[in-house]
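Here is run.cif, consisting of mmCIF, C-alpha atoms:
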data_query
#
loop_
_atom_site.label_atom_id
_atom_site.label_comp_id
_atom_site.auth_asym_id
_atom_site.auth_seq_id
_atom_site.Cartn_x
_atom_site.Cartn_y
_atom_site.Cartn_z
CA MET D 21 79.02 54.89 183.73
CA THR D 22 80.00 58.51 183.22
CA ILE D 23 82.37 57.57 180.46
CA VAL D 24 79.67 55.53 178.74
CA LEU D 25 77.22 58.44 178.95
CA LEU D 26 79.85 60.81 177.60
CA VAL D 27 80.59 58.53 174.67
CA LEU D 28 76.88 58.12 174.01
CA VAL D 29 76.37 61.89 174.02
CA ILE D 30 79.25 62.36 171.58
CA VAL D 31 77.86 59.67 169.26
CA VAL D 32 74.38 61.19 169.37
CA PHE D 33 75.80 64.64 168.73
CA GLY D 34 77.83 63.33 165.81
CA VAL D 35 74.80 61.61 164.33
CA LEU D 36 72.78 64.81 164.67
CA LEU D 37 75.54 66.73 162.91
CA THR D 38 75.34 64.33 159.98
CA GLY D 39 71.70 65.39 159.57
CA ILE D 40 72.68 69.04 158.93
CA LYS D 41 73.41 69.72 155.25
CA ILE D 42 74.52 73.09 153.86
CA ILE D 43 73.99 73.20 150.11
CA PRO D 44 75.74 75.86 147.96
CA GLN D 45 73.93 78.23 145.63
CA ALA D 46 72.75 76.81 142.24
CA GLN D 47 73.09 73.27 143.56
CA VAL D 48 70.61 70.76 144.97
CA MET D 49 70.72 67.44 146.77
CA VAL D 50 68.48 64.44 146.15
CA ILE D 51 67.44 62.92 149.52
CA GLU D 52 66.43 59.27 149.82
CA ARG D 53 64.68 57.80 152.85
CA LEU D 54 65.28 54.12 153.35
CA GLY D 55 66.48 53.81 149.75
CA LYS D 56 63.50 55.60 148.22
CA PHE D 57 63.29 59.13 146.84
CA ASN D 58 62.00 61.45 149.52
CA ARG D 59 62.60 65.07 148.59
CA LEU D 60 64.87 67.57 146.86
CA ALA D 61 66.98 69.66 149.21
CA LYS D 62 67.71 73.10 147.74
CA SER D 63 70.49 75.59 148.43
CA GLY D 64 70.87 76.77 152.01
CA LEU D 65 70.54 74.99 155.39
CA ASN D 66 68.77 71.64 155.29
CA VAL D 67 68.14 69.08 158.06
CA ILE D 68 67.68 65.41 157.28
CA VAL D 69 66.90 62.48 159.52
CA PRO D 70 70.14 60.69 160.31
CA ILE D 71 70.45 57.03 159.40
CA MET D 72 67.05 57.07 157.67
CA ASP D 73 67.79 59.81 155.12
CA LYS D 74 70.76 59.65 152.76
CA PRO D 75 71.90 61.86 149.84
CA ARG D 76 71.98 60.16 146.44
CA GLN D 77 75.40 60.22 144.77
CA ILE D 78 75.88 61.38 141.17
CA MET D 79 78.91 60.74 138.94
CA LEU D 80 80.49 63.65 137.08
CA LYS D 81 83.44 64.07 134.74
CA ARG D 82 85.84 66.95 134.98
CA ASP D 83 89.30 67.39 133.41
CA GLY D 84 89.11 63.82 132.11
CA ARG D 85 88.53 62.34 135.58
CA LEU D 86 85.40 60.70 136.98
CA TRP D 87 84.30 61.54 140.50
CA THR D 88 81.15 61.23 142.59
CA THR D 89 79.40 63.90 144.63
CA SER D 90 76.16 64.41 146.53
CA PHE D 91 75.50 67.82 144.97
CA VAL D 92 73.77 68.18 141.60
CA ASP D 93 74.96 71.37 139.86
CA LEU D 94 72.15 73.20 138.05
CA ARG D 95 74.49 75.51 136.15
CA GLU D 96 75.51 74.97 132.54
CA GLN D 97 78.40 72.55 132.38
CA VAL D 98 80.95 71.69 129.74
CA MET D 99 82.26 68.25 128.87
CA GLY D 100 85.09 67.68 126.42
CA PHE D 101 85.59 64.44 124.52
CA GLU D 102 88.71 62.94 123.07
CA GLN D 103 89.07 62.53 119.33
CA VAL D 104 86.68 59.99 117.84
CA PRO D 105 87.51 58.08 114.62
CA VAL D 106 84.85 58.73 111.97
CA ILE D 107 84.46 57.92 108.28
CA THR D 108 82.97 60.45 105.88
CA HIS D 109 80.55 59.73 103.05
CA ASP D 110 83.45 59.59 100.55
CA ASN D 111 85.28 56.99 102.69
CA VAL D 112 87.87 59.28 104.28
CA GLY D 113 88.82 58.37 107.84
CA MET D 114 89.67 61.14 110.27
CA GLN D 115 89.70 62.05 113.95
CA VAL D 116 87.08 64.45 115.34
CA GLY D 117 87.08 66.01 118.81
CA SER D 118 84.01 67.68 120.27
CA VAL D 119 82.78 69.69 123.25
CA ILE D 120 79.25 69.57 124.66
CA TYR D 121 77.53 72.14 126.88
CA TYR D 122 74.61 70.85 128.92
CA GLN D 123 72.48 71.78 131.90
CA VAL D 124 70.62 69.56 134.38
CA ILE D 125 66.99 70.72 134.37
CA ASP D 126 65.45 67.90 136.45
CA PRO D 127 67.87 66.41 139.03
CA VAL D 128 65.48 63.57 139.89
CA LYS D 129 65.36 62.33 136.29
CA ALA D 130 69.11 62.78 135.94
CA LEU D 131 69.64 60.35 138.82
CA TYR D 132 66.80 57.85 138.33
CA GLU D 133 66.17 57.75 134.54
CA VAL D 134 69.74 56.81 133.61
CA GLN D 135 72.29 54.79 135.49
CA ASN D 136 75.36 56.88 134.65
CA LEU D 137 74.55 60.29 133.17
CA VAL D 138 78.11 61.21 132.14
CA LEU D 139 78.80 57.87 130.46
CA ALA D 140 75.43 57.97 128.68
CA ILE D 141 76.08 61.48 127.29
CA GLU D 142 79.60 60.51 126.20
CA GLN D 143 78.47 57.41 124.31
CA LEU D 144 75.55 59.28 122.78
CA VAL D 145 77.88 61.98 121.44
CA MET D 146 80.25 59.43 119.91
CA THR D 147 77.58 57.39 118.14
CA ASN D 148 75.64 60.36 116.78
CA LEU D 149 78.82 62.12 115.72
CA ARG D 150 79.81 59.08 113.62
CA ASN D 151 76.32 58.93 112.07
CA ILE D 152 76.20 62.61 111.19
CA MET D 153 79.76 62.82 109.86
CA GLY D 154 79.10 59.73 107.74
CA GLY D 155 76.48 61.66 105.80
CA PHE D 156 78.91 64.42 104.73
CA SER D 157 81.83 64.41 102.34
CA LEU D 158 85.28 65.54 103.43
CA ASP D 159 84.88 69.03 101.99
CA GLU D 160 81.47 69.43 103.60
CA THR D 161 82.75 68.42 107.03
CA LEU D 162 85.52 71.03 106.78
CA THR D 163 83.29 73.84 105.53
CA SER D 164 79.98 73.05 107.25
CA ARG D 165 80.89 72.81 110.91
CA GLU D 166 77.90 74.89 111.91
CA THR D 167 75.56 72.48 110.15
CA VAL D 168 77.16 69.50 111.89
CA ASN D 169 76.98 71.29 115.25
CA THR D 170 73.30 72.11 114.80
CA LYS D 171 72.32 68.57 113.78
CA LEU D 172 74.29 67.02 116.63
CA ARG D 173 72.77 69.41 119.16
CA ILE D 174 69.22 68.64 118.00
CA VAL D 175 69.80 64.88 118.21
CA MET D 176 71.45 65.15 121.62
CA ASP D 177 68.73 67.42 122.97
CA GLU D 178 65.99 65.00 121.91
CA ALA D 179 67.81 62.01 123.39
CA THR D 180 68.66 63.61 126.74
CA GLU D 181 65.26 65.20 127.33
CA LYS D 182 63.96 62.15 129.21
CA TRP D 183 67.07 62.29 131.41
CA GLY D 184 66.19 65.80 132.59
CA VAL D 185 69.15 67.30 130.74
CA LYS D 186 69.11 70.22 128.26
CA VAL D 187 71.91 70.23 125.66
CA THR D 188 72.54 73.91 124.94
CA ARG D 189 75.42 73.71 122.49
CA VAL D 190 77.71 71.23 120.72
CA GLU D 191 80.98 72.30 119.08
CA LEU D 192 83.45 70.36 116.96
CA ARG D 193 86.76 71.07 118.62
CA GLU D 194 89.08 69.80 115.89
CA ILE D 195 88.96 67.77 112.69
CA GLU D 196 92.14 65.89 111.82
CA PRO D 197 92.22 64.38 108.30
CA PRO D 198 94.94 61.84 107.37
CA ALA D 199 98.44 63.10 106.51
CA SER D 200 98.00 62.38 102.78
CA ILE D 201 94.77 64.37 102.72
CA LYS D 202 96.47 67.23 104.53
CA GLN D 203 99.27 67.29 101.96
CA ALA D 204 96.77 67.28 99.09
CA MET D 205 94.80 70.08 100.75
CA ASN D 206 97.97 72.14 101.17
CA LEU D 207 98.80 71.71 97.46
CA GLN D 208 95.26 72.64 96.55
CA MET D 209 95.42 75.68 98.80
CA THR D 210 98.70 76.80 97.22
CA ALA D 211 97.28 76.39 93.71
CA GLU D 212 94.14 78.30 94.68
CA ARG D 213 96.18 81.16 96.11
CA GLU D 214 98.30 81.34 92.98
CA ARG D 215 95.17 81.35 90.83
CA ARG D 216 93.66 84.15 92.90
CA ALA D 217 96.89 86.12 92.62
CA GLU D 218 96.86 85.76 88.82
CA VAL D 219 93.20 86.74 88.65
CA THR D 220 93.81 89.73 90.89
CA LYS D 221 96.77 90.83 88.75
CA ALA D 222 94.75 90.44 85.54
CA GLU D 223 91.88 92.42 87.01
CA GLY D 224 94.33 95.11 88.10
CA ASP D 225 95.87 95.32 84.61
CA LYS D 226 92.40 95.50 83.10
CA ALA D 227 91.32 98.27 85.45
CA SER D 228 94.57 100.15 84.77
CA ALA D 229 94.08 99.91 80.98
CA ILE D 230 90.48 101.07 81.28
CA LEU D 231 91.44 104.02 83.46
CA LYS D 232 94.24 104.97 81.06
CA ALA D 233 91.90 104.83 78.04
CA GLU D 234 89.27 106.86 79.87
CA GLY D 235 91.94 109.40 80.79
CA GLU D 236 93.12 109.74 77.19
CA LYS D 237 89.53 110.03 75.99
CA GLN D 238 88.73 112.72 78.52
CA SER D 239 91.96 114.55 77.68
CA ALA D 240 91.12 114.51 73.94
CA VAL D 241 87.60 115.75 74.64
CA LEU D 242 88.89 118.56 76.83
CA ARG D 243 91.51 119.45 74.22
CA ALA D 244 88.86 119.60 71.47
CA GLU D 245 86.58 121.67 73.67
CA GLY D 246 89.46 124.04 74.42
CA GLU D 247 90.31 124.46 70.74
CA ARG D 248 86.64 125.03 69.91
CA ASP D 249 86.27 127.63 72.64
CA ALA D 250 89.48 129.33 71.48
CA ALA D 251 88.25 129.43 67.86
CA ILE D 252 84.92 130.84 68.98
CA ALA D 253 86.69 133.42 71.10
CA ARG D 254 88.93 134.46 68.16
CA ALA D 255 85.93 134.69 65.83
CA GLU D 256 84.05 136.74 68.38
CA GLY D 257 87.10 139.01 68.74
CA ASP D 258 87.45 139.49 64.97
CA LYS D 259 83.75 140.17 64.67
CA ARG D 260 83.87 142.69 67.48
CA ALA D 261 86.95 144.39 65.98
CA ARG D 262 85.31 144.71 62.59
CA ILE D 263 82.13 146.04 64.15
CA LEU D 264 84.11 148.61 66.13
CA ALA D 265 86.11 149.62 63.01
CA ALA D 266 82.93 150.02 60.96
CA GLU D 267 81.31 152.01 63.74
CA ALA D 268 84.41 154.22 63.97
CA THR D 269 84.44 154.80 60.19
CA ALA D 270 80.72 155.57 60.18
CA GLU D 271 81.15 157.95 63.10
CA ALA D 272 84.09 159.68 61.37
CA THR D 273 82.11 160.05 58.12
CA ARG D 274 79.15 161.41 60.03
CA LEU D 275 81.32 163.94 61.79
CA VAL D 276 82.95 165.06 58.48
CA PHE D 277 79.63 165.54 56.81
CA GLN D 278 78.25 167.21 59.89
CA SER D 279 81.18 169.63 59.91
CA ILE D 280 80.78 170.36 56.20
CA HIS D 281 77.09 171.04 56.54
CA ASP D 282 77.63 173.12 59.64
CA GLY D 283 80.03 175.34 57.58
CA LYS D 284 77.35 175.92 54.88
CA PRO D 285 79.60 175.16 51.87
CA ASP D 286 78.58 175.58 48.25
CA ALA D 287 77.76 172.66 46.00
CA GLU D 288 81.22 172.31 44.52
CA LEU D 289 82.90 172.04 47.97
CA ILE D 290 80.38 169.43 49.06
CA THR D 291 81.10 167.47 45.92
CA ILE D 292 84.86 167.61 46.49
CA LYS D 293 84.57 166.56 50.13
CA TYR D 294 82.19 163.83 49.19
CA LEU D 295 84.69 162.47 46.71
CA GLU D 296 87.51 162.64 49.26
CA THR D 297 85.43 160.65 51.68
CA LEU D 298 84.76 158.04 49.03
CA GLY D 299 88.49 157.77 48.43
CA GLN D 300 89.10 157.17 52.11
CA LEU D 301 86.46 154.47 52.14
CA ALA D 302 88.12 152.80 49.17
CA GLN D 303 91.39 152.53 51.11
CA GLY D 304 89.88 149.95 53.49
CA SER D 305 90.29 146.15 53.39
CA ALA D 306 87.29 145.69 51.06
CA ASN D 307 88.15 145.22 47.38
CA LYS D 308 84.82 146.60 46.11
CA VAL D 309 83.17 150.03 46.60
CA PHE D 310 79.56 150.58 45.62
CA VAL D 311 79.01 154.21 44.54
CA PRO D 312 75.50 155.58 45.18
CA TYR D 313 73.43 156.73 42.23
CA PRO D 314 73.51 160.50 43.06
CA THR D 315 77.30 160.33 43.04
CA MET D 316 77.29 159.34 39.39
CA ASP D 317 75.36 162.55 38.58
CA VAL D 318 77.95 164.60 40.41
CA LEU D 319 80.76 162.87 38.56
CA GLY D 320 78.98 163.57 35.24
CA SER D 321 78.65 167.25 36.11
CA MET D 322 82.33 167.46 37.01
CA GLY D 323 83.25 165.76 33.70
CA ALA D 324 81.24 168.37 31.79
CA VAL D 325 82.97 171.19 33.68
CA ALA D 326 86.39 169.64 32.89
CA GLU D 327 85.54 169.47 29.17
CA SER D 328 84.46 173.14 29.14
CA LEU D 329 87.70 174.25 30.80
CA LYS D 330 89.79 172.17 28.35
CA THR D 331 87.96 173.78 25.31
CA ALA D 332 88.53 177.28 26.65
CA ALA D 333 92.23 176.66 27.08
CA THR D 334 92.71 175.51 23.46
CA ARG D 335 91.17 178.69 22.17
#

Output the file's structure as structure tokens, nothing else.
Amino acid sequence: MTIVLLVLVIVVFGVLLTGIKIIPQAQVMVIERLGKFNRLAKSGLNVIVPIMDKPRQIMLKRDGRLWTTSFVDLREQVMGFEQVPVITHDNVGMQVGSVIYYQVIDPVKALYEVQNLVLAIEQLVMTNLRNIMGGFSLDETLTSRETVNTKLRIVMDEATEKWGVKVTRVELREIEPPASIKQAMNLQMTAERERRAEVTKAEGDKASAILKAEGEKQSAVLRAEGERDAAIARAEGDKRARILAAEATAEATRLVFQSIHDGKPDAELITIKYLETLGQLAQGSANKVFVPYPTMDVLGSMGAVAESLKTAATR
């Protein structure tokens, strides 16, 4: 009897332990009572009624493997898909791999609105990826990944909304065209690079020629400006020299006349000095000398005196 009681106590204790559930942070547990949804157990310590209450299992996919668990993770999750064969709008077949990021917003809908959430998301990605890629040409699929990602995310988000799932991002992991297309693309890439190299070289030669011409033009302009400035400087120097020479001559003449007048000479001495000064003026670079009118009177008087002296000598 003691042994039976002991076994009964152990069984009861074990059953009570099965009613204690510790749920990690950012996870929840859907509790069913007698096969019907009862409540949502959140993170922390939770107590359920043994035998009557039971956690609902959910299937997940991680690292390519399917597994079931009683905890529904509310964090953003990532699911990678193998390459899917698709055909573009221009009838080119290729393999496309994708990655989807999603988050369970409503755990109750995720468990009761769809039978297998992971399988449903996987099939939905494959079918919509084929539809979207079929509307693009090969070049567009290779150059418009962001457009494909956006369209696929919008379609997935609308389809999974009733499942309590929010699709946050969809990325095309790789796009593998056929080998013949790859070879043609490599040839095209090589030709494009060669064309760009030729264009770059031509643009460089053009820029070099333009810079050289501009340099020669600027050098000629500077040379002409230098010659002009030098000619102006020489002309200014000659002008200044002539002005200084004329001023010196005028000053010398003034001083001579001033000295003569200061010595109070007679008329004949003034006439002689005046004529000497005129002779000095005639020795300059000018080839013409204009004699003032009073000087002609003096010269006439001196001619008369010379004639008188010559007459007296003959007698």

Quiz item: Can you list, as a list of chain:residue names, the residues that the PyMOL selection byres ((chain D and resi 41) around 9) selects here?
Solution: D:Leu37, D:Thr38, D:Gly39, D:Ile40, D:Ile42, D:Ile43, D:Ala61, D:Gly64, D:Leu65, D:Asn66, D:Val67, D:Ile68

Exercise. Mind checking which residues fall within 10 Å of segment 129-140 of chain D, counting only C-alpha atoms, ignoring those fewer than 2 positions away in the same chain, and posting them as number ranges by chain?
Key: D: 50, 57, 76-81, 86, 92, 99, 124-127, 142-145, 180-185

Those residues you just picked out, can you put them in a file as an mmCIF file, in the frame of the given file with C-alpha atoms?
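See again-v2.cif below for the written result:
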data_model
loop_
_atom_site.group_PDB
_atom_site.id
_atom_site.type_symbol
_atom_site.label_atom_id
_atom_site.label_comp_id
_atom_site.auth_asym_id
_atom_site.auth_seq_id
_atom_site.Cartn_x
_atom_site.Cartn_y
_atom_site.Cartn_z
ATOM 1 C CA VAL D 50 68.480 64.440 146.150
ATOM 2 C CA PHE D 57 63.290 59.130 146.840
ATOM 3 C CA ARG D 76 71.980 60.160 146.440
ATOM 4 C CA GLN D 77 75.400 60.220 144.770
ATOM 5 C CA ILE D 78 75.880 61.380 141.170
ATOM 6 C CA MET D 79 78.910 60.740 138.940
ATOM 7 C CA LEU D 80 80.490 63.650 137.080
ATOM 8 C CA LYS D 81 83.440 64.070 134.740
ATOM 9 C CA LEU D 86 85.400 60.700 136.980
ATOM 10 C CA VAL D 92 73.770 68.180 141.600
ATOM 11 C CA MET D 99 82.260 68.250 128.870
ATOM 12 C CA VAL D 124 70.620 69.560 134.380
ATOM 13 C CA ILE D 125 66.990 70.720 134.370
ATOM 14 C CA ASP D 126 65.450 67.900 136.450
ATOM 15 C CA PRO D 127 67.870 66.410 139.030
ATOM 16 C CA GLU D 142 79.600 60.510 126.200
ATOM 17 C CA GLN D 143 78.470 57.410 124.310
ATOM 18 C CA LEU D 144 75.550 59.280 122.780
ATOM 19 C CA VAL D 145 77.880 61.980 121.440
ATOM 20 C CA THR D 180 68.660 63.610 126.740
ATOM 21 C CA GLU D 181 65.260 65.200 127.330
ATOM 22 C CA LYS D 182 63.960 62.150 129.210
ATOM 23 C CA TRP D 183 67.070 62.290 131.410
ATOM 24 C CA GLY D 184 66.190 65.800 132.590
ATOM 25 C CA VAL D 185 69.150 67.300 130.740
#

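Restricting the calculation to all atoms listed in the file, the smallest distance between Gln47 of chain D and any of D:Asp225, D:Gly113, D:Asp73, D:Gln123 is found for D:Gln123.
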
Practice problem: Apply the PyMOL selection byres ((chain D and resi 151-163) around 9) to the file shown and report the selected residues as a PyMOL selection string. | Solution: chain D and resi 106-112+146-150+164-168+171-172+195+197

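Separating atom CA of Gln97 of chain D from atom CA of Gln115 of chain D is a distance of 24.0 Å.
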
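Between atom CA of Val32 of chain D and atom CA of Met72 of chain D the interatomic distance comes to 14.4 Å.
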
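Atom pair atom CA of Gly117 of chain D / atom CA of Glu194 of chain D has a distance of 5.2 Å (rounded to one decimal).
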
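All residues of protein, DNA or RNA that reach within 9 Å of Pro44 of chain D, judged by all atoms listed in the file and not counting those fewer than 6 positions away in the chain, are Lys62, Ser63, Gly64 and Phe91 of chain D.
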
File dump, residues just selected, C-alpha atoms, as an mmCIF file, in the frame of the given file:
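This went into out_11.cif:
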data_model
loop_
_atom_site.group_PDB
_atom_site.id
_atom_site.type_symbol
_atom_site.label_atom_id
_atom_site.label_comp_id
_atom_site.auth_asym_id
_atom_site.auth_seq_id
_atom_site.Cartn_x
_atom_site.Cartn_y
_atom_site.Cartn_z
ATOM 1 C CA LYS D 62 67.710 73.100 147.740
ATOM 2 C CA SER D 63 70.490 75.590 148.430
ATOM 3 C CA GLY D 64 70.870 76.770 152.010
ATOM 4 C CA PHE D 91 75.500 67.820 144.970
#
